[in-house]
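Taking it in order: structure first as structure tokens, then the write-up.
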Amino acid sequence: MSGYENFANVYDALTENVDYKQRSAYYCALLRQYGVADGLLLDLACGTGSMSLYFAQCGYDVIGVDASAAMLSQAQQKAMQAGENILFLCQPMQQLDLYGTVCGTVCALDSLNHLTDEADLRETIRRVSLFTEPGGVFLFDVNTPYKHRAVLGNNVFVYDTPSVYCVWQNELSAQDTVQITLDFFEQDADVYYRSSEQFSERAYSVRDLTAILEQNGFSVVGIFAEMTTQPPQEDTQRIVFAAKKDVEKGERNR
């Protein structure tokens with residue numbers, strides 16, 4: 001999996017279309033719906049920390065975890081500027097290792113899709129379960145197989161922003177996996193500098209994700225189309241899972 005060293009500097013510019021405040025409010029509403037109104041909250045694969053800040057402003061004590069030191073450097077700067085005390089840890093998802101348990105975990109913006117080896121996905125969910133209090137909540141979203149086949153596929157996308165020009169090239173392969181190449185062109189005076197990132201995303205079925213969650217002490221309490229509380233349709237591009245740590249199963253898995 002890419003370390004996003006080049007991506008980190010342009011990530012916020014390329015995700016200006018993401019309404020982080022609205023998305024964070026959506027997840028906070030789900031957390032409260034399922035009984036987690038405060039306490040320790042893990043923002044897993046937090047990236048540059050935009051949602052971590054909003055979670056902190058919603059009253060949670062936030063731990064942000066990401067595998068990219070460059071992304072976390074951006075996140076730490078944001079937290080300092082906002083006056084928020086957020087603990088950021090540099091860890092791959094499948095090596096998650098906290099000091100204790102959390103009340104809830106949010107893993108947003110198809111981060112779990114980056115785990116293209118099912119063994120890594122299983123280990124990540126096992127570790128989230130290990131560090132979740134009985135009765136705690138795990139919320140995450142994933143790109144669907146439909147999106148990988150019909151939208152991302154073998155397509156090319158171009159993003160032209162005031163600070164960076166990006167060419168996004170996809171190649172669809174087996175197991176609904178998309179190989180992604182990002183080429184960035186950043187201007188400095190009269191010169192453009194090019195950098196690149198390469199990584200892959202794999203789409204998993206609802207059935208497989210549900211089975212893995214249940215095998216690791218979670219009960220699925222909701223499956224929604226992105227940013228709604230409505231069930232997903234055949235052409236839904238991103239779905240949200242809400243899972244709750246079962247008290248009895250949680251004790252047996254420790």
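Here's how to read the names in the structure tokens: chain A, B, ... by the order shown, residue numbers from 1 in each chain, ligand numbers from 1 in the order shown.
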
Write out as a PyMOL selection string all residues of segment 93-209 of chain A that DSSP puts in strand (DSSP E) for this structure's backbone. chain A and resi 102-107+132-143+156-160+165-173+177-188+191-202

Write out as number ranges by chain the residues lying within 12 Å of Asp19 of chain A, counting only C-alpha atoms and excluding same-chain residues fewer than 5 positions away. A: 12, 24-26, 50-51, 54, 109, 227

Contacts of Ala37 of chain A at 8 Å or less, counting only C-alpha atoms, minus same-chain residues fewer than 2 places along, as a list of chain:residue names? A:Cys28, A:Leu31, A:Arg32, A:Gly35, A:Gly39, A:Tyr60

Determine the nearest neighbour of His114 of chain A from the options A:Val36, A:Val178, A:Gln187, A:Val18, counting only C-alpha atoms.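 Checking each candidate against His114 of chain A, we get A:Val178 as the closest.
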
Please list as a ChimeraX atom specification every residue within 9 Å of Arg238 of chain A, counting only C-alpha atoms and excluding residues in the same chain fewer than 5 positions away. /A:109-110,141-144,147,224-226,232

Print the selection's residues with C-alpha atoms to a file, as a PDB file, in the first residue's frame.
```
ATOM      1  CA  LEU A 109     -13.861   7.521   2.476  1.00  0.00           C
ATOM      2  CA  ASP A 110     -13.353   3.926   1.276  1.00  0.00           C
ATOM      3  CA  ASP A 141     -17.896   3.112   4.307  1.00  0.00           C
ATOM      4  CA  VAL A 142     -16.676   1.178   1.281  1.00  0.00           C
ATOM      5  CA  ASN A 143     -16.837   1.528  -2.466  1.00  0.00           C
ATOM      6  CA  THR A 144     -19.083  -1.122  -3.975  1.00  0.00           C
ATOM      7  CA  LYS A 147     -18.566   1.402  -8.561  1.00  0.00           C
ATOM      8  CA  PHE A 224     -26.951   2.340   4.252  1.00  0.00           C
ATOM      9  CA  ALA A 225     -26.406   4.157   0.998  1.00  0.00           C
ATOM     10  CA  GLU A 226     -23.748   6.816   1.490  1.00  0.00           C
ATOM     11  CA  PRO A 232     -28.342   0.665  -0.736  1.00  0.00           C
TER      12      PRO A 232
END
```

Just checking: using only C-alpha atoms, which residue out of A:Val247, A:Gln94, A:Ser205, A:Gln33 ends up closest to Leu121 of chain A?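 Among the listed residues, A:Gln94 lies closest to Leu121 of chain A.
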
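Take the candidates A:Val158, A:Ala70, A:Ile212, A:Ile63 and check each one against Ile125 of chain A using only C-alpha atoms; the shortest distance goes to A:Ile212.
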
Just the alpha helix (DSSP H) stuff from segment 46-105 of chain A, please, per backbone DSSP, written as a VMD selection string. chain A and resid 50 to 57 69 to 82

Spatial neighbours of Gly47 of chain A, 7 Å, only C-alpha atoms, chain gap at least 2 places, as JSON, numbers by chain: {"A": [45, 49, 66, 71, 72]}

Just give me the gap between atom CA of Thr15 of chain A and atom CA of Ser196 of chain A in Å, one decimal is fine.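 The value is 16.8 Å.
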
Between atom CA of Val220 of chain A and atom CA of Ala242 of chain A, distance in Å (one decimal):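 Atom CA of Ala242 of chain A lies at a distance of 5.9 Å from atom CA of Val220 of chain A.
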
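The coordinates place atom CA of Gly59 of chain A at 9.7 Å from atom CA of Leu40 of chain A.
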
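Using only C-alpha atoms, the residues found no farther than 10 Å from Asp188 of chain A, other than those of its own chain fewer than 4 positions away, are Ser163, Tyr192 and Tyr193 of chain A.
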
Could you dump the residues just selected with N, CA and C atoms as a tab-separated table (two decimals), in the first residue's frame?
```tsv
chain	number	residue	atom	x	y	z
A	163	SER	N	-3.89	24.83	-7.54
A	163	SER	CA	-2.57	24.48	-6.99
A	163	SER	C	-1.96	23.22	-7.60
A	192	TYR	N	6.81	23.16	-14.18
A	192	TYR	CA	5.90	22.19	-13.58
A	192	TYR	C	6.71	20.98	-13.11
A	193	TYR	N	6.45	20.57	-11.88
A	193	TYR	CA	7.11	19.40	-11.33
A	193	TYR	C	6.11	18.25	-11.25
```

If we count only C-alpha atoms and set the cut-off at 8 Å, which residues sit around Asp246 of chain A, ignoring sequence neighbours fewer than 6 positions away in its own chain? Please answer as a list in words.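 So the residues in contact are Pro134, Gly135, Gly217, Phe218 and Ser219 of chain A.
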